>>> print(open('model-v1.pdb').read())   # PDB, C-alpha atoms
MODEL        1
ATOM      1  CA  MET A   1     106.829  96.116  79.898
ATOM      2  CA  ASN A   2     107.059  92.391  79.834
ATOM      3  CA  LEU A   3     107.032  90.788  83.249
ATOM      4  CA  LEU A   4     108.710  87.637  82.032
ATOM      5  CA  THR A   5     111.855  89.312  80.732
ATOM      6  CA  GLN A   6     112.212  92.211  83.195
ATOM      7  CA  PRO A   7     113.794  91.669  86.589
ATOM      8  CA  VAL A   8     111.411  92.081  89.507
ATOM      9  CA  GLY A   9     111.753  94.969  91.928
ATOM     10  CA  VAL A  10     110.512  95.847  95.378
ATOM     11  CA  SER A  11     107.272  97.289  94.043
ATOM     12  CA  HIS A  12     106.250  93.907  92.606
ATOM     13  CA  TYR A  13     106.531  92.427  96.070
ATOM     14  CA  LEU A  14     104.662  95.379  97.510
ATOM     15  CA  ILE A  15     101.776  94.755  95.094
ATOM     16  CA  VAL A  16     101.542  91.125  96.189
ATOM     17  CA  GLY A  17     101.681  92.202  99.838
ATOM     18  CA  ALA A  18      98.973  94.805  99.271
ATOM     19  CA  ILE A  19      96.631  92.287  97.659
ATOM     20  CA  MET A  20      97.116  89.779 100.495
ATOM     21  CA  PHE A  21      96.648  92.518 103.075
ATOM     22  CA  VAL A  22      93.408  93.781 101.540
ATOM     23  CA  ALA A  23      92.113  90.227 101.136
ATOM     24  CA  GLY A  24      92.785  89.683 104.840
ATOM     25  CA  VAL A  25      91.071  92.896 105.873
ATOM     26  CA  VAL A  26      87.963  92.107 103.838
ATOM     27  CA  CYS A  27      88.011  88.566 105.216
ATOM     28  CA  MET A  28      88.174  89.881 108.792
ATOM     29  CA  ALA A  29      85.357  92.338 108.145
ATOM     30  CA  THR A  30      82.877  90.121 106.341
ATOM     31  CA  LYS A  31      83.253  86.571 107.681
ATOM     32  CA  ARG A  32      80.750  85.506 110.299
ATOM     33  CA  ASN A  33      82.655  82.418 111.363
ATOM     34  CA  ALA A  34      85.172  83.199 114.114
ATOM     35  CA  LEU A  35      87.736  80.940 112.460
ATOM     36  CA  GLY A  36      87.254  82.834 109.196
ATOM     37  CA  VAL A  37      88.156  86.029 111.033
ATOM     38  CA  LEU A  38      91.287  84.273 112.319
ATOM     39  CA  MET A  39      92.245  83.296 108.772
ATOM     40  CA  GLY A  40      91.861  86.929 107.744
ATOM     41  CA  ILE A  41      94.322  87.902 110.472
ATOM     42  CA  GLU A  42      96.810  85.352 109.157
ATOM     43  CA  LEU A  43      96.494  86.826 105.671
ATOM     44  CA  VAL A  44      97.090  90.354 106.958
ATOM     45  CA  LEU A  45     100.210  89.281 108.843
ATOM     46  CA  ASN A  46     101.516  87.498 105.758
ATOM     47  CA  GLY A  47     100.992  90.510 103.558
ATOM     48  CA  ALA A  48     103.012  92.565 106.020
ATOM     49  CA  ASN A  49     105.700  89.871 106.069
ATOM     50  CA  VAL A  50     106.056  89.985 102.292
ATOM     51  CA  ASN A  51     106.728  93.708 102.542
ATOM     52  CA  PHE A  52     109.293  93.298 105.317
ATOM     53  CA  VAL A  53     111.225  90.636 103.439
ATOM     54  CA  ALA A  54     111.116  92.637 100.190
ATOM     55  CA  PHE A  55     112.478  95.767 101.826
ATOM     56  CA  GLY A  56     115.266  93.843 103.505
ATOM     57  CA  SER A  57     116.264  91.858 100.435
ATOM     58  CA  VAL A  58     119.668  92.550  98.930
ATOM     59  CA  TYR A  59     118.516  90.825  95.756
ATOM     60  CA  LEU A  60     115.782  93.354  95.100
ATOM     61  CA  ARG A  61     117.568  96.469  96.348
ATOM     62  CA  PRO A  62     121.241  96.220  95.406
ATOM     63  CA  GLU A  63     121.845  99.810  96.476
ATOM     64  CA  VAL A  64     120.970  98.931 100.036
ATOM     65  CA  THR A  65     123.812  97.269 101.852
ATOM     66  CA  GLY A  66     122.804  97.991 105.416
ATOM     67  CA  ILE A  67     119.443  96.650 106.437
ATOM     68  CA  GLY A  68     119.716  93.262 104.816
ATOM     69  CA  LEU A  69     118.953  91.224 107.895
ATOM     70  CA  ASP A  70     116.532  93.512 109.689
ATOM     71  CA  GLY A  71     113.579  92.815 107.433
ATOM     72  CA  GLN A  72     114.073  89.089 107.786
ATOM     73  CA  LEU A  73     114.392  89.322 111.568
ATOM     74  CA  VAL A  74     111.177  91.316 111.870
ATOM     75  CA  ALA A  75     109.461  88.782 109.612
ATOM     76  CA  LEU A  76     110.634  85.988 111.902
ATOM     77  CA  PHE A  77     109.226  87.786 114.946
ATOM     78  CA  VAL A  78     105.926  88.272 113.124
ATOM     79  CA  ILE A  79     105.748  84.559 112.286
ATOM     80  CA  VAL A  80     106.364  83.562 115.903
ATOM     81  CA  LEU A  81     103.883  86.082 117.291
ATOM     82  CA  ALA A  82     101.280  84.966 114.742
ATOM     83  CA  ALA A  83     101.636  81.432 116.058
ATOM     84  CA  ALA A  84     101.102  82.671 119.627
ATOM     85  CA  GLU A  85      98.125  84.777 118.607
ATOM     86  CA  ALA A  86      96.520  81.884 116.733
ATOM     87  CA  ALA A  87      96.904  79.607 119.763
ATOM     88  CA  VAL A  88      95.192  82.047 122.123
ATOM     89  CA  ALA A  89      92.451  83.002 119.660
ATOM     90  CA  LEU A  90      91.719  79.363 118.945
ATOM     91  CA  ALA A  91      91.479  78.589 122.659
ATOM     92  CA  ILE A  92      89.034  81.457 123.101
ATOM     93  CA  THR A  93      86.993  80.330 120.092
ATOM     94  CA  LEU A  94      86.774  76.757 121.331
ATOM     95  CA  ASN A  95      85.767  77.974 124.777
ATOM     96  CA  PHE A  96      83.067  80.135 123.205
ATOM     97  CA  TYR A  97      81.902  77.167 121.156
ATOM     98  CA  ASN A  98      81.724  74.967 124.244
ATOM     99  CA  ASN A  99      79.678  77.507 126.149
ATOM    100  CA  HIS A 100      77.378  78.820 123.426
ATOM    101  CA  SER A 101      77.365  76.015 120.830
ATOM    102  CA  THR A 102      78.071  78.481 118.025
ATOM    103  CA  VAL A 103      81.027  80.097 116.284
ATOM    104  CA  ASP A 104      79.030  82.972 114.818
ATOM    105  CA  VAL A 105      80.728  86.178 115.927
ATOM    106  CA  ASP A 106      77.422  88.031 115.652
ATOM    107  CA  GLN A 107      76.101  85.918 118.537
ATOM    108  CA  ALA A 108      78.878  87.076 120.873
ATOM    109  CA  ASP A 109      77.003  90.166 122.027
ATOM    110  CA  GLU A 110      76.427  89.460 125.697
ATOM    111  CA  LEU A 111      78.448  92.511 126.731
ATOM    112  CA  LYS A 112      76.370  94.785 124.509
ATOM    113  CA  GLY A 113      74.784  97.469 126.642
TER     114      GLY A 113
ATOM    115  CA  MET B   1     112.474  88.904  72.133
ATOM    116  CA  ASP B   2     114.678  88.721  75.172
ATOM    117  CA  ALA B   3     115.386  85.526  77.001
ATOM    118  CA  ILE B   4     112.999  84.624  79.758
ATOM    119  CA  ASN B   5     114.163  85.823  83.156
ATOM    120  CA  TRP B   6     113.572  82.737  85.263
ATOM    121  CA  HIS B   7     113.617  84.632  88.529
ATOM    122  CA  SER B   8     110.780  86.781  87.230
ATOM    123  CA  PHE B   9     109.015  83.726  85.875
ATOM    124  CA  PHE B  10     108.980  81.978  89.237
ATOM    125  CA  PHE B  11     108.114  85.220  90.989
ATOM    126  CA  LEU B  12     105.094  85.569  88.713
ATOM    127  CA  PHE B  13     104.118  81.963  89.355
ATOM    128  CA  PHE B  14     104.240  82.216  93.148
ATOM    129  CA  ALA B  15     102.730  85.721  93.187
ATOM    130  CA  LEU B  16      99.743  84.601  91.145
ATOM    131  CA  LEU B  17      99.284  81.580  93.415
ATOM    132  CA  ALA B  18      99.491  83.684  96.569
ATOM    133  CA  CYS B  19      97.161  86.446  95.360
ATOM    134  CA  GLY B  20      94.700  84.053  93.755
ATOM    135  CA  PHE B  21      94.327  81.835  96.783
ATOM    136  CA  SER B  22      94.137  84.856  99.122
ATOM    137  CA  LEU B  23      91.220  86.127  97.078
ATOM    138  CA  ALA B  24      89.731  82.633  97.057
ATOM    139  CA  VAL B  25      89.801  82.664 100.873
ATOM    140  CA  VAL B  26      87.678  85.815 100.772
ATOM    141  CA  MET B  27      85.331  84.598  98.066
ATOM    142  CA  THR B  28      84.353  81.202  99.403
ATOM    143  CA  SER B  29      82.009  80.859 102.347
ATOM    144  CA  ASN B  30      82.840  77.238 103.142
ATOM    145  CA  ILE B  31      85.177  77.198 106.133
ATOM    146  CA  VAL B  32      86.883  73.942 105.104
ATOM    147  CA  HIS B  33      87.662  75.322 101.648
ATOM    148  CA  MET B  34      88.942  78.514 103.270
ATOM    149  CA  ALA B  35      91.420  76.577 105.379
ATOM    150  CA  PHE B  36      92.681  74.697 102.318
ATOM    151  CA  TYR B  37      93.092  77.856 100.231
ATOM    152  CA  LEU B  38      94.873  79.562 103.108
ATOM    153  CA  THR B  39      97.375  76.704 103.261
ATOM    154  CA  LEU B  40      98.150  77.106  99.562
ATOM    155  CA  ALA B  41      98.400  80.898  99.795
ATOM    156  CA  LEU B  42     100.861  80.745 102.694
ATOM    157  CA  GLY B  43     102.896  78.039 100.967
ATOM    158  CA  ALA B  44     103.182  80.184  97.854
ATOM    159  CA  THR B  45     104.279  83.096 100.050
ATOM    160  CA  SER B  46     107.199  81.013 101.281
ATOM    161  CA  GLY B  47     108.209  80.614  97.638
ATOM    162  CA  LEU B  48     108.251  84.411  97.362
ATOM    163  CA  PHE B  49     110.520  84.550 100.425
ATOM    164  CA  PHE B  50     112.947  82.118  98.838
ATOM    165  CA  LEU B  51     112.999  84.220  95.673
ATOM    166  CA  ALA B  52     113.822  87.332  97.703
ATOM    167  CA  GLY B  53     116.890  85.617  99.143
ATOM    168  CA  ALA B  54     115.394  85.005 102.570
ATOM    169  CA  ASP B  55     115.954  81.270 102.683
ATOM    170  CA  PHE B  56     115.695  80.873 106.448
ATOM    171  CA  VAL B  57     112.516  82.941 106.715
ATOM    172  CA  GLY B  58     110.985  80.936 103.881
ATOM    173  CA  ALA B  59     111.814  77.687 105.631
ATOM    174  CA  MET B  60     110.393  78.997 108.905
ATOM    175  CA  GLN B  61     107.255  80.101 107.064
ATOM    176  CA  LEU B  62     106.779  76.527 105.905
ATOM    177  CA  LEU B  63     107.680  74.958 109.245
ATOM    178  CA  ILE B  64     105.953  77.251 111.733
ATOM    179  CA  TYR B  65     103.169  78.820 109.712
ATOM    180  CA  VAL B  66     102.041  76.134 107.311
ATOM    181  CA  GLY B  67     103.148  73.260 109.512
ATOM    182  CA  GLY B  68     102.136  74.598 112.901
ATOM    183  CA  THR B  69      99.750  77.510 112.952
ATOM    184  CA  LEU B  70      97.590  76.263 110.118
ATOM    185  CA  VAL B  71      97.378  72.768 111.562
ATOM    186  CA  LEU B  72      96.099  74.442 114.723
ATOM    187  CA  LEU B  73      93.514  76.373 112.686
ATOM    188  CA  ILE B  74      92.450  73.242 110.827
ATOM    189  CA  PHE B  75      91.965  71.472 114.138
ATOM    190  CA  GLY B  76      89.740  74.351 115.171
ATOM    191  CA  VAL B  77      87.787  73.972 111.937
ATOM    192  CA  MET B  78      87.397  70.240 112.485
ATOM    193  CA  LEU B  79      86.226  70.713 116.071
ATOM    194  CA  THR B  80      83.590  73.300 115.208
ATOM    195  CA  ALA B  81      82.523  72.493 111.622
ATOM    196  CA  LYS B  82      79.079  71.108 112.219
ATOM    197  CA  GLY B  83      75.907  71.637 110.279
ATOM    198  CA  PRO B  84      75.251  75.352 109.820
ATOM    199  CA  PHE B  85      78.776  76.450 110.745
ATOM    200  CA  ILE B  86      80.447  74.871 107.713
ATOM    201  CA  SER B  87      79.025  77.425 105.320
ATOM    202  CA  MET B  88      77.926  80.722 106.869
ATOM    203  CA  LYS B  89      76.712  83.171 104.282
ATOM    204  CA  THR B  90      77.502  86.838 104.705
ATOM    205  CA  SER B  91      74.673  89.249 104.045
ATOM    206  CA  ALA B  92      74.810  91.055 100.718
ATOM    207  CA  GLY B  93      75.007  94.476 102.324
ATOM    208  CA  ASP B  94      78.071  93.505 104.351
ATOM    209  CA  LEU B  95      79.702  92.049 101.247
ATOM    210  CA  VAL B  96      79.140  95.199  99.203
ATOM    211  CA  LEU B  97      80.396  97.409 102.014
ATOM    212  CA  GLY B  98      83.453  95.232 102.574
ATOM    213  CA  ALA B  99      84.260  95.098  98.870
ATOM    214  CA  GLY B 100      83.932  98.886  98.583
ATOM    215  CA  VAL B 101      86.179  99.643 101.540
ATOM    216  CA  GLY B 102      88.638  96.933 100.526
ATOM    217  CA  GLY B 103      88.765  98.202  96.954
ATOM    218  CA  ALA B 104      89.464 101.737  98.133
ATOM    219  CA  LEU B 105      92.242 100.475 100.426
ATOM    220  CA  LEU B 106      93.695  98.409  97.587
ATOM    221  CA  VAL B 107      93.774 101.381  95.224
ATOM    222  CA  LEU B 108      95.543 103.454  97.873
ATOM    223  CA  LEU B 109      98.133 100.769  98.617
ATOM    224  CA  LEU B 110      98.809 100.004  94.955
ATOM    225  CA  ALA B 111      99.292 103.683  94.195
ATOM    226  CA  ALA B 112     101.748 103.967  97.083
ATOM    227  CA  ALA B 113     103.596 100.825  96.004
ATOM    228  CA  THR B 114     104.096 101.819  92.382
ATOM    229  CA  GLN B 115     104.829 105.526  92.661
ATOM    230  CA  VAL B 116     108.244 105.478  94.308
ATOM    231  CA  ASP B 117     111.051 105.431  91.780
ATOM    232  CA  ALA B 118     113.550 103.693  94.039
ATOM    233  CA  TRP B 119     111.229 100.696  94.376
ATOM    234  CA  ARG B 120     110.782 100.159  90.672
ATOM    235  CA  VAL B 121     112.678  97.560  88.718
ATOM    236  CA  SER B 122     116.319  97.720  89.675
ATOM    237  CA  GLU B 123     119.335  96.563  87.736
ATOM    238  CA  PRO B 124     119.740  92.825  87.927
ATOM    239  CA  SER B 125     121.859  92.371  90.994
ATOM    240  CA  PRO B 126     124.819  90.031  90.801
ATOM    241  CA  PRO B 127     123.702  86.630  92.004
ATOM    242  CA  VAL B 128     125.451  86.087  95.291
ATOM    243  CA  ALA B 129     124.367  82.979  97.127
ATOM    244  CA  GLN B 130     124.227  83.814 100.800
ATOM    245  CA  VAL B 131     123.069  81.504 103.531
ATOM    246  CA  THR B 132     121.323  83.713 106.058
ATOM    247  CA  ALA B 133     120.652  81.254 108.867
ATOM    248  CA  SER B 134     123.892  81.696 110.824
ATOM    249  CA  ARG B 135     123.845  85.477 110.466
ATOM    250  CA  LEU B 136     120.238  85.598 111.623
ATOM    251  CA  GLY B 137     121.130  83.441 114.602
ATOM    252  CA  MET B 138     124.048  85.674 115.553
ATOM    253  CA  ALA B 139     121.819  88.749 115.220
ATOM    254  CA  LEU B 140     119.260  87.166 117.547
ATOM    255  CA  LEU B 141     122.041  86.546 120.045
ATOM    256  CA  GLY B 142     123.092  90.183 119.910
ATOM    257  CA  ALA B 143     125.982  90.262 117.425
ATOM    258  CA  ARG B 144     125.520  91.730 113.974
ATOM    259  CA  VAL B 145     128.218  89.933 112.043
ATOM    260  CA  ASP B 146     127.080  91.682 108.854
ATOM    261  CA  LYS B 147     127.694  95.106 110.399
ATOM    262  CA  LEU B 148     131.159  94.649 111.878
ATOM    263  CA  ASP B 149     132.667  97.120 109.420
ATOM    264  CA  GLU B 150     130.371  99.972 110.415
ATOM    265  CA  LYS B 151     132.656 103.014 110.409
ATOM    266  CA  ASP B 152     130.410 105.584 112.036
ATOM    267  CA  PRO B 153     130.665 105.062 115.827
ATOM    268  CA  VAL B 154     127.204 106.543 116.367
ATOM    269  CA  GLN B 155     125.617 104.090 113.971
ATOM    270  CA  ALA B 156     127.780 101.232 115.181
ATOM    271  CA  ARG B 157     126.216 101.624 118.610
ATOM    272  CA  GLY B 158     122.828 100.842 117.088
ATOM    273  CA  MET B 159     124.024  97.589 115.572
ATOM    274  CA  SER B 160     123.623  95.604 118.739
ATOM    275  CA  GLY B 161     121.339  92.922 117.412
ATOM    276  CA  TYR B 162     118.030  91.660 118.628
ATOM    277  CA  LEU B 163     118.732  89.968 121.944
ATOM    278  CA  LEU B 164     116.097  91.891 123.913
ATOM    279  CA  PRO B 165     113.218  91.330 121.432
ATOM    280  CA  PHE B 166     114.252  87.687 121.303
ATOM    281  CA  GLU B 167     113.931  87.392 125.075
ATOM    282  CA  ILE B 168     110.614  89.226 125.059
ATOM    283  CA  VAL B 169     109.243  86.921 122.387
ATOM    284  CA  SER B 170     110.437  83.879 124.325
ATOM    285  CA  VAL B 171     108.721  84.950 127.537
ATOM    286  CA  HIS B 172     105.658  85.962 125.534
ATOM    287  CA  LEU B 173     105.455  82.499 123.977
ATOM    288  CA  LEU B 174     105.687  80.886 127.404
ATOM    289  CA  VAL B 175     102.903  83.098 128.762
ATOM    290  CA  VAL B 176     100.765  82.377 125.704
ATOM    291  CA  LEU B 177     101.278  78.628 126.061
ATOM    292  CA  ILE B 178     100.209  78.677 129.693
ATOM    293  CA  GLY B 179      97.297  80.987 128.949
ATOM    294  CA  SER B 180      95.914  79.002 126.053
ATOM    295  CA  ALA B 181      96.287  75.730 127.923
ATOM    296  CA  TYR B 182      94.346  77.299 130.794
ATOM    297  CA  LEU B 183      91.653  78.669 128.485
ATOM    298  CA  ALA B 184      91.159  75.463 126.550
ATOM    299  CA  ARG B 185      91.126  73.111 129.534
ATOM    300  CA  PRO B 186      88.187  70.743 129.754
ATOM    301  CA  LYS B 187      85.315  71.941 131.860
ATOM    302  CA  LYS B 188      85.245  70.691 135.424
ATOM    303  CA  ARG B 189      82.680  68.016 135.906
ATOM    304  CA  MET B 190      80.709  68.039 139.108
ATOM    305  CA  VAL B 191      82.666  65.781 141.432
ATOM    306  CA  GLY B 192      81.004  64.356 144.504
ATOM    307  CA  GLY B 193      77.664  65.814 143.589
ATOM    308  CA  PRO B 194      74.310  64.273 144.364
ATOM    309  CA  VAL B 195      74.499  60.672 143.321
ATOM    310  CA  ASP B 196      71.385  59.232 141.838
ATOM    311  CA  THR B 197      71.047  55.862 143.516
ATOM    312  CA  ALA B 198      67.478  55.158 142.627
TER     313      ALA B 198
ENDMDL
END
>>> encode(input="model-v1.pdb", output="structure tokens")
Amino acid sequence: MNLLTQPVGVSHYLIVGAIMFVAGVVCMATKRNALGVLMGIELVLNGANVNFVAFGSVYLRPEVTGIGLDGQLVALFVIVLAAAEAAVALAITLNFYNNHSTVDVDQADELKG
Amino acid sequence: MDAINWHSFFFLFFALLACGFSLAVVMTSNIVHMAFYLTLALGATSGLFFLAGADFVGAMQLLIYVGGTLVLLIFGVMLTAKGPFISMKTSAGDLVLGAGVGGALLVLLLAAATQVDAWRVSEPSPPVAQVTASRLGMALLGARVDKLDEKDPVQARGMSGYLLPFEIVSVHLLVVLIGSAYLARPKKRMVGGPVDTA
């Protein structure tokens, strides 16, 4: 099956979304820099967005006439909420950096019992 | 040899960019390089949105995500990237564990994505150019102009648009703005404290 001559389907988009999602999860789990963890969250949200847009696309699923706009609307909400989440997380990170002079998430263990 | 399907060609181009730079974000340990790769990955994702017919979402991805959220992140990187924090190495054990769990998750997701027949390659749909911005705006205001011909009265009741989530997101954004401005305010200096006059 030649990718250059075949039309793309939903599953191609799902593969891209899955790779971005897994990259984000591994990034969140392994980075020690708090901002690296934030970037992992952005990747996860983008992978989910790719899936939403693919499922709602009338180009990729011609048999679906109904939910054309819903996927795009959910993707828009995700984009806006990601912006809000990044703003708050960045404020917390900067506050932590001001108080502790580090952005290493392993150092943030003051609440550990 | 069939003619090259240009939609597939550009899909392949943007998909490789997005996946490659996402993996590059994971691989590198330099935080400045990570921010740059993330910018490219999210930009390539907007290309995928355009190719799926979601022109407005693609534009918003570029404007809000790449133009807003990532600039915020890069400011965070610039404010904290000093000395040891530029390149923080992960321990080898964590890397192996993360790669193992991530690989298992990837296998699961890829199997789920490729095993449904309805999601496989469909017939080439007739190219209909549709501008989605006005319909998205009407849906946010509570009117689904793409669903006006819904025959079933039970289903037609569910086509009431997204006015309530829109309001919730608006209020949420306001709360977040106030909260982050409060969190990131400069620390109070001691005013009127003991003055050293010596």
>>> residues_near_point(input="model-v1.pdb", point="(78.3, 94.1, 104.0)", cutoff="12 Å", atoms="all atoms listed in the file", output="MDAnalysis selection string")
(chainID A and resid 26:32) or (chainID B and resid 89:102)
>>> write_last_selection(input="model-v1.pdb", atoms="C-alpha atoms", output="mmCIF file, in the frame of the given file")
data_model
loop_
_atom_site.group_PDB
_atom_site.id
_atom_site.type_symbol
_atom_site.label_atom_id
_atom_site.label_comp_id
_atom_site.auth_asym_id
_atom_site.auth_seq_id
_atom_site.Cartn_x
_atom_site.Cartn_y
_atom_site.Cartn_z
ATOM 1 C CA VAL A 26 87.963 92.107 103.838
ATOM 2 C CA CYS A 27 88.011 88.566 105.216
ATOM 3 C CA MET A 28 88.174 89.881 108.792
ATOM 4 C CA ALA A 29 85.357 92.338 108.145
ATOM 5 C CA THR A 30 82.877 90.121 106.341
ATOM 6 C CA LYS A 31 83.253 86.571 107.681
ATOM 7 C CA ARG A 32 80.750 85.506 110.299
ATOM 8 C CA LYS B 89 76.712 83.171 104.282
ATOM 9 C CA THR B 90 77.502 86.838 104.705
ATOM 10 C CA SER B 91 74.673 89.249 104.045
ATOM 11 C CA ALA B 92 74.810 91.055 100.718
ATOM 12 C CA GLY B 93 75.007 94.476 102.324
ATOM 13 C CA ASP B 94 78.071 93.505 104.351
ATOM 14 C CA LEU B 95 79.702 92.049 101.247
ATOM 15 C CA VAL B 96 79.140 95.199 99.203
ATOM 16 C CA LEU B 97 80.396 97.409 102.014
ATOM 17 C CA GLY B 98 83.453 95.232 102.574
ATOM 18 C CA ALA B 99 84.260 95.098 98.870
ATOM 19 C CA GLY B 100 83.932 98.886 98.583
ATOM 20 C CA VAL B 101 86.179 99.643 101.540
ATOM 21 C CA GLY B 102 88.638 96.933 100.526
#
>>> atom_distance(input="model-v1.pdb", atom1="atom CA of B:His172", atom2="atom CA of B:Leu136")
20.2 Å
>>> interface_residues(input="model-v1.pdb", of="chain B", to="chain A", cutoff="6 Å", atoms="all atoms listed in the file", output="PDB file with C-alpha atoms, in the coordinates of the input")
ATOM      1  CA  ILE B   4     112.999  84.624  79.758  1.00  0.00           C
ATOM      2  CA  ASN B   5     114.163  85.823  83.156  1.00  0.00           C
ATOM      3  CA  SER B   8     110.780  86.781  87.230  1.00  0.00           C
ATOM      4  CA  PHE B   9     109.015  83.726  85.875  1.00  0.00           C
ATOM      5  CA  SER B  22      94.137  84.856  99.122  1.00  0.00           C
ATOM      6  CA  LEU B  23      91.220  86.127  97.078  1.00  0.00           C
ATOM      7  CA  VAL B  26      87.678  85.815 100.772  1.00  0.00           C
ATOM      8  CA  ALA B  52     113.822  87.332  97.703  1.00  0.00           C
ATOM      9  CA  THR B  69      99.750  77.510 112.952  1.00  0.00           C
ATOM     10  CA  GLY B  98      83.453  95.232 102.574  1.00  0.00           C
ATOM     11  CA  GLY B 102      88.638  96.933 100.526  1.00  0.00           C
ATOM     12  CA  ALA B 113     103.596 100.825  96.004  1.00  0.00           C
ATOM     13  CA  THR B 114     104.096 101.819  92.382  1.00  0.00           C
ATOM     14  CA  TRP B 119     111.229 100.696  94.376  1.00  0.00           C
ATOM     15  CA  ARG B 120     110.782 100.159  90.672  1.00  0.00           C
ATOM     16  CA  VAL B 121     112.678  97.560  88.718  1.00  0.00           C
ATOM     17  CA  SER B 122     116.319  97.720  89.675  1.00  0.00           C
ATOM     18  CA  SER B 125     121.859  92.371  90.994  1.00  0.00           C
ATOM     19  CA  SER B 180      95.914  79.002 126.053  1.00  0.00           C
ATOM     20  CA  LEU B 183      91.653  78.669 128.485  1.00  0.00           C
ATOM     21  CA  ALA B 184      91.159  75.463 126.550  1.00  0.00           C
TER      22      ALA B 184
END
>>> atom_distance(input="model-v1.pdb", atom1="atom CA of B:Phe11", atom2="atom CA of B:Gly47")
8.1 Å
>>> atom_distance(input="model-v1.pdb", atom1="atom CA of B:Pro165", atom2="atom CA of B:Gly137")
13.1 Å
>>> closest_residue(input="model-v1.pdb", among="B:Ala59, B:Leu105, B:Ile31, B:Ala44", to="B:Phe10", atoms="only C-alpha atoms")
B:Ala44
>>> closest_residue(input="model-v1.pdb", among="B:Gly83, B:Gly20, B:Gly53, B:Gly43", to="B:Val131", atoms="all atoms listed in the file")
B:Gly53
>>> closest_residue(input="model-v1.pdb", among="B:Ala81, B:Cys19, B:Leu174, B:Met138", to="B:Val32", atoms="all atoms listed in the file")
B:Ala81
>>> decode(input="model-v1.pdb", residues="stretch 41-92 of chain A", atoms="C-alpha atoms", output="PDB file, in the first residue's frame")
ATOM      1  CA  ILE A  41       1.127  18.261  28.704  1.00  0.00           C
ATOM      2  CA  GLU A  42       0.910  20.418  25.586  1.00  0.00           C
ATOM      3  CA  LEU A  43       1.895  17.439  23.444  1.00  0.00           C
ATOM      4  CA  VAL A  44      -0.749  15.231  25.054  1.00  0.00           C
ATOM      5  CA  LEU A  45      -3.464  17.826  24.466  1.00  0.00           C
ATOM      6  CA  ASN A  46      -2.390  18.194  20.845  1.00  0.00           C
ATOM      7  CA  GLY A  47      -2.488  14.478  20.235  1.00  0.00           C
ATOM      8  CA  ALA A  48      -6.039  14.433  21.558  1.00  0.00           C
ATOM      9  CA  ASN A  49      -6.904  17.409  19.351  1.00  0.00           C
ATOM     10  CA  VAL A  50      -5.691  15.609  16.237  1.00  0.00           C
ATOM     11  CA  ASN A  51      -8.061  12.764  17.048  1.00  0.00           C
ATOM     12  CA  PHE A  52     -11.015  15.081  17.646  1.00  0.00           C
ATOM     13  CA  VAL A  53     -10.514  16.922  14.374  1.00  0.00           C
ATOM     14  CA  ALA A  54     -10.035  13.665  12.441  1.00  0.00           C
ATOM     15  CA  PHE A  55     -13.236  12.154  13.782  1.00  0.00           C
ATOM     16  CA  GLY A  56     -15.206  15.283  12.993  1.00  0.00           C
ATOM     17  CA  SER A  57     -13.803  15.750   9.504  1.00  0.00           C
ATOM     18  CA  VAL A  58     -16.177  15.319   6.587  1.00  0.00           C
ATOM     19  CA  TYR A  59     -13.169  14.970   4.307  1.00  0.00           C
ATOM     20  CA  LEU A  60     -11.942  11.832   6.023  1.00  0.00           C
ATOM     21  CA  ARG A  61     -15.310  10.257   6.817  1.00  0.00           C
ATOM     22  CA  PRO A  62     -17.685  10.955   3.935  1.00  0.00           C
ATOM     23  CA  GLU A  63     -20.275   8.594   5.387  1.00  0.00           C
ATOM     24  CA  VAL A  64     -20.636  10.803   8.421  1.00  0.00           C
ATOM     25  CA  THR A  65     -22.827  13.790   7.778  1.00  0.00           C
ATOM     26  CA  GLY A  66     -23.834  14.618  11.319  1.00  0.00           C
ATOM     27  CA  ILE A  67     -20.992  15.377  13.660  1.00  0.00           C
ATOM     28  CA  GLY A  68     -18.956  17.529  11.336  1.00  0.00           C
ATOM     29  CA  LEU A  69     -18.666  20.515  13.620  1.00  0.00           C
ATOM     30  CA  ASP A  70     -18.574  18.823  17.004  1.00  0.00           C
ATOM     31  CA  GLY A  71     -15.011  17.586  16.734  1.00  0.00           C
ATOM     32  CA  GLN A  72     -13.799  21.017  15.731  1.00  0.00           C
ATOM     33  CA  LEU A  73     -15.706  22.700  18.558  1.00  0.00           C
ATOM     34  CA  VAL A  74     -14.245  20.345  21.150  1.00  0.00           C
ATOM     35  CA  ALA A  75     -10.791  20.968  19.686  1.00  0.00           C
ATOM     36  CA  LEU A  76     -11.339  24.708  20.055  1.00  0.00           C
ATOM     37  CA  PHE A  77     -12.323  24.282  23.707  1.00  0.00           C
ATOM     38  CA  VAL A  78      -9.220  22.166  24.289  1.00  0.00           C
ATOM     39  CA  ILE A  79      -7.001  24.849  22.742  1.00  0.00           C
ATOM     40  CA  VAL A  80      -8.497  27.566  24.943  1.00  0.00           C
ATOM     41  CA  LEU A  81      -8.301  25.470  28.106  1.00  0.00           C
ATOM     42  CA  ALA A  82      -4.696  24.536  27.298  1.00  0.00           C
ATOM     43  CA  ALA A  83      -3.860  28.228  27.173  1.00  0.00           C
ATOM     44  CA  ALA A  84      -5.482  28.744  30.588  1.00  0.00           C
ATOM     45  CA  GLU A  85      -3.718  25.728  32.046  1.00  0.00           C
ATOM     46  CA  ALA A  86      -0.341  26.865  30.721  1.00  0.00           C
ATOM     47  CA  ALA A  87      -0.816  30.319  32.253  1.00  0.00           C
ATOM     48  CA  VAL A  88      -1.583  28.951  35.716  1.00  0.00           C
ATOM     49  CA  ALA A  89       1.126  26.277  35.608  1.00  0.00           C
ATOM     50  CA  LEU A  90       3.694  28.815  34.491  1.00  0.00           C
ATOM     51  CA  ALA A  91       2.725  31.171  37.312  1.00  0.00           C
ATOM     52  CA  ILE A  92       3.117  28.343  39.811  1.00  0.00           C
TER      53      ILE A  92
END
